[in-house]
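Reviewing the structure listed below.
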Amino acid sequence: MARRRKQKTRFLPPDWTIYLIVLGVILLRANVSNNNVEAIEPPPLGAALPDIRPGDPAVIVELGKRQSGSGTAFSIDGQGTWLTARHVVDSCDRVGLIAGTNSAVTADKVIVSKSSDTAILKTRWQRPAIPTDLNTRRTTKEAGFFFGFPQGRPGEVAGTLLGRHQLITRGRYNVEEAVLAWAELGRTRGLRGSLGGLSGGPALDKDGEVIGVVAAESPRRGRIYTVAPSSVRPLVPTAIKSANARPVSTKDFGKEADSYRRDRRIAQVICLVD
């Protein structure tokens, strides 16, 4: 596990403030996306997702030199613990969460996984957890919803489950892991191009429960890859798994995503490299 020097949660110092003001003006002018969405209905459900097999298709991701950037995180225990993607926060000098207009809180501790594209952020900023369902066997062609801050601004995507793939990460670190592959069904209207910044965001099923973490995309093929439920399960407190959830559909996933962002249960992550 990678550990960072422990700090008190606080409003961030001047260099953070300047960064956040610029970010707020350019990228985060609102906490609400355009609720108009362009999405088609998912196809009829297919077969149960098979177990991991050696012949699962491989997806290779090359991570370049660490630079300052942003991603997404979400609350998993209501006690200041947040889940995000490892590649969003690894090797950062400072990590923080956007708490409001021109304000943020630092992560007291960053714990990255050595076996999957996940990382835990420990803070004193307590927000309600998002319910999870990490035990149900997934079904091909089921709908999935991905909420966060693509391109540094509020946005969301709907998809349908294709199957299981093998994600091979190379560069700053080397990891091979099972992921779920999704084909896009639609996006927030006006969201075009890369989904960079959505990484670390929750993948929700139609019941509104977390079933994974956004890890990668293939823009050319219209694919989204999420960390497998089995890799997320050990990170989530058992008590949260039975919490009530709100159903999500291709007709209302934009409004649901806005609700989570307004409640700060989903937040933008900032990584700064000196």
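Naming scheme: A, B, ... for chains in displayed order of the structure tokens; residues 1 onward per chain; ligands 1 onward as shown.
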Which neighbours of stretch 60-63 of chain A fall inside 12 Å, counting only C-alpha atoms, when residues of the same chain fewer than 2 positions from it are skipped, and could you give them as a PyMOL selection string?
chain A and resi 57-58+65-67+86-88+90-91+117+165-177+179+215-218+225
From a DSSP calculation on the backbone, collect every residue of stretch 25-266 of chain A in strand (DSSP E or B) and output the set as number ranges by chain.
A: 37-39, 48, 58-62, 69-75, 81-84, 94-100, 103-106, 109-112, 119-122, 132, 139, 143-148, 155-170, 175-188, 202-204, 210-218, 223-227, 266
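Candidate residues A:Ser199, A:Thr81, A:Thr238, A:Ser116 were compared for distance to A:Val269, and the nearest is A:Ser199, using only C-alpha atoms.
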Skipping near chain neighbours, those fewer than 3 positions away, what residues fall within 6 Å of stretch 228-232 of chain A using only C-alpha atoms, listed as a list of chain:residue names?
A:Leu134, A:Val179, A:Leu180, A:Ile211, A:Gly212, A:Leu235
Give me the residues within 12 Å of A:Gly193 as an MDAnalysis selection string, counting only C-alpha atoms and dropping any in the same chain fewer than 5 places off.
chainID A and resid 150:151 187:188 217:222
Next, dump the selected residues to file, keeping only N, CA and C atoms, as a PDB file, in the first residue's frame.
ATOM      1  N   PRO A 150     -16.772  13.925 -16.078  1.00  0.00           N
ATOM      2  CA  PRO A 150     -16.011  13.766 -17.319  1.00  0.00           C
ATOM      3  C   PRO A 150     -15.608  15.127 -17.868  1.00  0.00           C
ATOM      4  N   GLN A 151     -14.374  15.216 -18.350  1.00  0.00           N
ATOM      5  CA  GLN A 151     -13.825  16.462 -18.879  1.00  0.00           C
ATOM      6  C   GLN A 151     -13.833  17.562 -17.821  1.00  0.00           C
ATOM      7  N   ARG A 187     -25.393   9.533 -23.387  1.00  0.00           N
ATOM      8  CA  ARG A 187     -24.697  10.449 -22.491  1.00  0.00           C
ATOM      9  C   ARG A 187     -25.578  11.650 -22.181  1.00  0.00           C
ATOM     10  N   THR A 188     -25.082  12.457 -21.241  1.00  0.00           N
ATOM     11  CA  THR A 188     -25.644  13.778 -21.063  1.00  0.00           C
ATOM     12  C   THR A 188     -25.543  14.531 -22.380  1.00  0.00           C
ATOM     13  N   GLU A 217     -11.606   3.804 -20.666  1.00  0.00           N
ATOM     14  CA  GLU A 217     -12.542   3.932 -21.779  1.00  0.00           C
ATOM     15  C   GLU A 217     -11.825   3.625 -23.081  1.00  0.00           C
ATOM     16  N   SER A 218     -12.603   3.307 -24.094  1.00  0.00           N
ATOM     17  CA  SER A 218     -12.098   3.170 -25.456  1.00  0.00           C
ATOM     18  C   SER A 218     -12.983   4.054 -26.324  1.00  0.00           C
ATOM     19  N   PRO A 219     -12.610   5.329 -26.514  1.00  0.00           N
ATOM     20  CA  PRO A 219     -13.472   6.264 -27.243  1.00  0.00           C
ATOM     21  C   PRO A 219     -13.826   5.797 -28.646  1.00  0.00           C
ATOM     22  N   ARG A 220     -12.862   5.207 -29.311  1.00  0.00           N
ATOM     23  CA  ARG A 220     -13.105   4.795 -30.699  1.00  0.00           C
ATOM     24  C   ARG A 220     -14.192   3.731 -30.790  1.00  0.00           C
ATOM     25  N   ARG A 221     -14.234   2.841 -29.809  1.00  0.00           N
ATOM     26  CA  ARG A 221     -15.207   1.744 -29.830  1.00  0.00           C
ATOM     27  C   ARG A 221     -16.441   2.033 -28.980  1.00  0.00           C
ATOM     28  N   GLY A 222     -16.447   3.151 -28.266  1.00  0.00           N
ATOM     29  CA  GLY A 222     -17.588   3.464 -27.417  1.00  0.00           C
ATOM     30  C   GLY A 222     -17.709   2.508 -26.249  1.00  0.00           C
TER      31      GLY A 222
END
Closest of A:Pro234, A:Ile40, A:Lys114, A:Arg137 to A:Glu184 - atom-to-atom distances counting only C-alpha atoms
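Comparing A:Pro234, A:Ile40, A:Lys114, A:Arg137 against A:Glu184, the winner is A:Ile40.
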Nearby residues (only C-alpha atoms) at most 9 Å from A:Leu272, same-chain spacing under 2 positions excluded, as a PyMOL selection string
chain A and resi 16+67-70+89+92-96+270+274
Save out the residues we just selected, N, CA and C atoms, as a tab-separated table (two decimals), in the first residue's frame.
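Written output follows (out31.tsv):
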chain	number	residue	atom	x	y	z
A	16	TRP	N	-3.54	25.86	-3.53
A	16	TRP	CA	-4.76	25.11	-3.84
A	16	TRP	C	-5.88	26.07	-4.23
A	67	GLN	N	1.04	13.69	-13.99
A	67	GLN	CA	0.80	15.12	-14.10
A	67	GLN	C	-0.41	15.48	-13.25
A	68	SER	N	-0.54	16.76	-12.92
A	68	SER	CA	-1.71	17.20	-12.19
A	68	SER	C	-2.96	16.93	-13.03
A	69	GLY	N	-4.04	16.60	-12.38
A	69	GLY	CA	-5.27	16.30	-13.10
A	69	GLY	C	-6.44	16.13	-12.15
A	70	SER	N	-7.53	15.61	-12.68
A	70	SER	CA	-8.72	15.44	-11.86
A	70	SER	C	-9.44	14.15	-12.22
A	89	VAL	N	-5.06	8.98	-8.52
A	89	VAL	CA	-4.39	9.56	-7.35
A	89	VAL	C	-3.00	8.99	-7.07
A	92	CYS	N	0.67	11.27	-6.65
A	92	CYS	CA	0.37	12.69	-6.50
A	92	CYS	C	1.07	13.24	-5.26
A	93	ASP	N	1.48	14.49	-5.31
A	93	ASP	CA	2.06	15.13	-4.13
A	93	ASP	C	0.97	15.55	-3.14
A	94	ARG	N	-0.19	15.94	-3.67
A	94	ARG	CA	-1.33	16.28	-2.84
A	94	ARG	C	-2.61	15.83	-3.52
A	95	VAL	N	-3.56	15.38	-2.72
A	95	VAL	CA	-4.85	14.93	-3.23
A	95	VAL	C	-5.94	15.61	-2.42
A	96	GLY	N	-6.96	16.11	-3.10
A	96	GLY	CA	-8.07	16.75	-2.41
A	96	GLY	C	-9.39	16.48	-3.10
A	270	ILE	N	-8.97	16.11	-7.03
A	270	ILE	CA	-7.88	16.87	-7.62
A	270	ILE	C	-6.55	16.26	-7.20
A	274	ASP	N	3.84	18.60	-7.83
A	274	ASP	CA	4.71	19.78	-7.72
A	274	ASP	C	5.74	19.81	-8.84
Would you kindly return, as a short mmCIF file (atom, residue, chain, number, x, y, z; two decimals) with N, CA and C atoms, in the first residue's frame, each protein, DNA or RNA residue with an atom no farther than 8 Å from any atom of stretch 156-163 of chain A, considering only C-alpha atoms and excluding same-chain residues fewer than 6 positions away?
data_model
loop_
_atom_site.label_atom_id
_atom_site.label_comp_id
_atom_site.auth_asym_id
_atom_site.auth_seq_id
_atom_site.Cartn_x
_atom_site.Cartn_y
_atom_site.Cartn_z
N ALA A 39 -30.08 8.81 -24.79
CA ALA A 39 -29.82 7.40 -24.52
C ALA A 39 -30.93 6.55 -25.08
N PRO A 42 -31.95 -0.09 -23.08
CA PRO A 42 -31.06 -1.26 -23.15
C PRO A 42 -31.78 -2.44 -23.79
N PRO A 43 -31.04 -3.35 -24.41
CA PRO A 43 -31.65 -4.52 -25.03
C PRO A 43 -32.15 -5.49 -23.96
N LEU A 49 -23.30 -13.45 -16.43
CA LEU A 49 -21.90 -13.22 -16.76
C LEU A 49 -21.07 -14.43 -16.33
N THR A 139 -25.52 -9.74 -15.29
CA THR A 139 -26.12 -10.34 -16.48
C THR A 139 -25.74 -9.53 -17.71
N THR A 140 -25.31 -10.19 -18.77
CA THR A 140 -24.97 -9.47 -19.99
C THR A 140 -26.19 -8.72 -20.50
N LYS A 141 -25.94 -7.58 -21.08
CA LYS A 141 -26.95 -6.67 -21.65
C LYS A 141 -27.73 -5.90 -20.59
N GLU A 142 -27.38 -6.08 -19.30
CA GLU A 142 -28.04 -5.26 -18.29
C GLU A 142 -27.52 -3.83 -18.40
N ALA A 143 -28.32 -2.88 -17.90
CA ALA A 143 -27.96 -1.47 -17.98
C ALA A 143 -27.03 -1.08 -16.83
N GLY A 144 -26.12 -0.17 -17.13
CA GLY A 144 -25.24 0.39 -16.12
C GLY A 144 -25.16 1.90 -16.29
N PHE A 145 -24.88 2.61 -15.20
CA PHE A 145 -24.87 4.07 -15.23
C PHE A 145 -23.61 4.57 -14.53
N PHE A 146 -22.96 5.59 -15.15
CA PHE A 146 -21.65 6.03 -14.69
C PHE A 146 -21.69 7.53 -14.45
N PHE A 147 -21.54 7.91 -13.18
CA PHE A 147 -21.72 9.30 -12.76
C PHE A 147 -20.38 9.92 -12.35
N GLY A 148 -20.22 11.20 -12.63
CA GLY A 148 -19.00 11.85 -12.18
C GLY A 148 -18.74 13.18 -12.84
N PHE A 149 -17.46 13.39 -13.21
CA PHE A 149 -17.03 14.68 -13.76
C PHE A 149 -16.18 14.48 -15.01
N PRO A 150 -16.77 13.93 -16.08
CA PRO A 150 -16.01 13.77 -17.32
C PRO A 150 -15.61 15.13 -17.87
N LEU A 180 -15.24 -5.27 -16.10
CA LEU A 180 -16.46 -5.43 -16.89
C LEU A 180 -16.43 -4.43 -18.03
N ALA A 181 -16.82 -4.88 -19.22
CA ALA A 181 -16.84 -4.04 -20.41
C ALA A 181 -18.28 -3.64 -20.74
N TRP A 182 -18.48 -2.36 -21.00
CA TRP A 182 -19.81 -1.82 -21.28
C TRP A 182 -19.81 -1.08 -22.62
N ALA A 183 -20.91 -1.22 -23.37
CA ALA A 183 -21.09 -0.44 -24.59
C ALA A 183 -21.99 0.76 -24.26
N GLU A 184 -21.61 1.92 -24.73
CA GLU A 184 -22.40 3.12 -24.44
C GLU A 184 -23.80 3.05 -25.04
N LEU A 185 -24.78 3.48 -24.23
CA LEU A 185 -26.15 3.65 -24.70
C LEU A 185 -26.48 5.12 -24.90
N GLY A 186 -25.79 5.98 -24.17
CA GLY A 186 -26.06 7.41 -24.29
C GLY A 186 -25.35 8.20 -23.22
N ARG A 187 -25.39 9.53 -23.39
CA ARG A 187 -24.70 10.45 -22.49
C ARG A 187 -25.58 11.65 -22.18
N THR A 188 -25.08 12.46 -21.24
CA THR A 188 -25.64 13.78 -21.06
C THR A 188 -25.54 14.53 -22.38
N ILE A 224 -16.68 1.43 -22.10
CA ILE A 224 -16.30 1.84 -20.76
C ILE A 224 -15.94 0.58 -19.99
N THR A 250 -32.64 4.77 -18.11
CA THR A 250 -32.08 5.58 -19.18
C THR A 250 -32.85 6.89 -19.35
N PHE A 253 -31.40 9.05 -15.60
CA PHE A 253 -30.09 8.92 -14.97
C PHE A 253 -29.37 10.25 -14.82
N GLY A 254 -29.70 11.24 -15.65
CA GLY A 254 -29.11 12.56 -15.50
C GLY A 254 -29.56 13.23 -14.21
N ALA A 257 -27.91 11.48 -11.20
CA ALA A 257 -26.51 11.87 -11.05
C ALA A 257 -26.40 13.25 -10.41
#
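If you measure from each of A:Val227, A:Val110, A:Ala245, A:Ile52 to A:Lys122 using only C-alpha atoms, the closest one turns out to be A:Val110.
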Between A:Thr136, A:Ala48, A:Arg124, A:Pro154, which one has atoms that come closest to A:Arg262, using only C-alpha atoms?
A:Pro154
Go through A:Val236, A:Val210, A:Ala107, A:Val112 and flag the residue nearest A:Gly78, using only C-alpha atoms for the distances.
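With only C-alpha atoms as the atom set, the closest residue is A:Val236.
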Taking the chain letters and numbering used in this document, name the residues of stretch 121-272 of chain A that DSSP puts in alpha helix (DSSP H), as a VMD selection string.
chain A and resid 229 to 232 253 to 262
Keeping C-alpha atoms, export the residues of the selection given above as a short mmCIF file (atom, residue, chain, number, x, y, z; two decimals), in the first residue's frame.
data_model
loop_
_atom_site.label_atom_id
_atom_site.label_comp_id
_atom_site.auth_asym_id
_atom_site.auth_seq_id
_atom_site.Cartn_x
_atom_site.Cartn_y
_atom_site.Cartn_z
CA PRO A 229 -17.31 -6.23 -8.19
CA SER A 230 -15.01 -8.87 -6.67
CA SER A 231 -12.19 -6.31 -6.50
CA VAL A 232 -14.40 -3.63 -4.94
CA PHE A 253 -30.09 8.92 -14.97
CA GLY A 254 -29.11 12.56 -15.50
CA LYS A 255 -31.35 13.73 -12.66
CA GLU A 256 -30.14 10.96 -10.38
CA ALA A 257 -26.51 11.87 -11.05
CA ASP A 258 -27.25 15.52 -10.27
CA SER A 259 -28.84 14.51 -6.98
CA TYR A 260 -25.74 12.58 -5.91
CA ARG A 261 -23.48 15.47 -6.85
CA ARG A 262 -25.62 18.04 -5.03
#
Rank nothing, just name the residue among A:Arg189, A:Lys251, A:Arg127, A:Arg223 nearest to A:Glu41, using only C-alpha atoms.
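Closest residue, counting only C-alpha atoms: A:Lys251.
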8 Å contact set for A:Pro128, only C-alpha atoms, chain neighbours under 3 positions out, as an MDAnalysis selection string
chainID A and resid 75:79 265
Residue selection dump (C-alpha atoms) as a PDB file, in the first residue's frame:
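File result-v5.pdb, as written:
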ATOM      1  CA  SER A  75     -18.427   8.091  -0.412  1.00  0.00           C
ATOM      2  CA  ILE A  76     -18.514   4.464   0.727  1.00  0.00           C
ATOM      3  CA  ASP A  77     -19.061   4.547   4.500  1.00  0.00           C
ATOM      4  CA  GLY A  78     -20.459   7.913   5.571  1.00  0.00           C
ATOM      5  CA  GLN A  79     -17.425   8.387   7.826  1.00  0.00           C
ATOM      6  CA  ARG A 265     -21.894  11.875  -2.276  1.00  0.00           C
TER       7      ARG A 265
END
What is the atom CA of A:Asn102-atom CA of A:Ile120 distance in Å, reported with one decimal?
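A separation of 23.5 Å between them.
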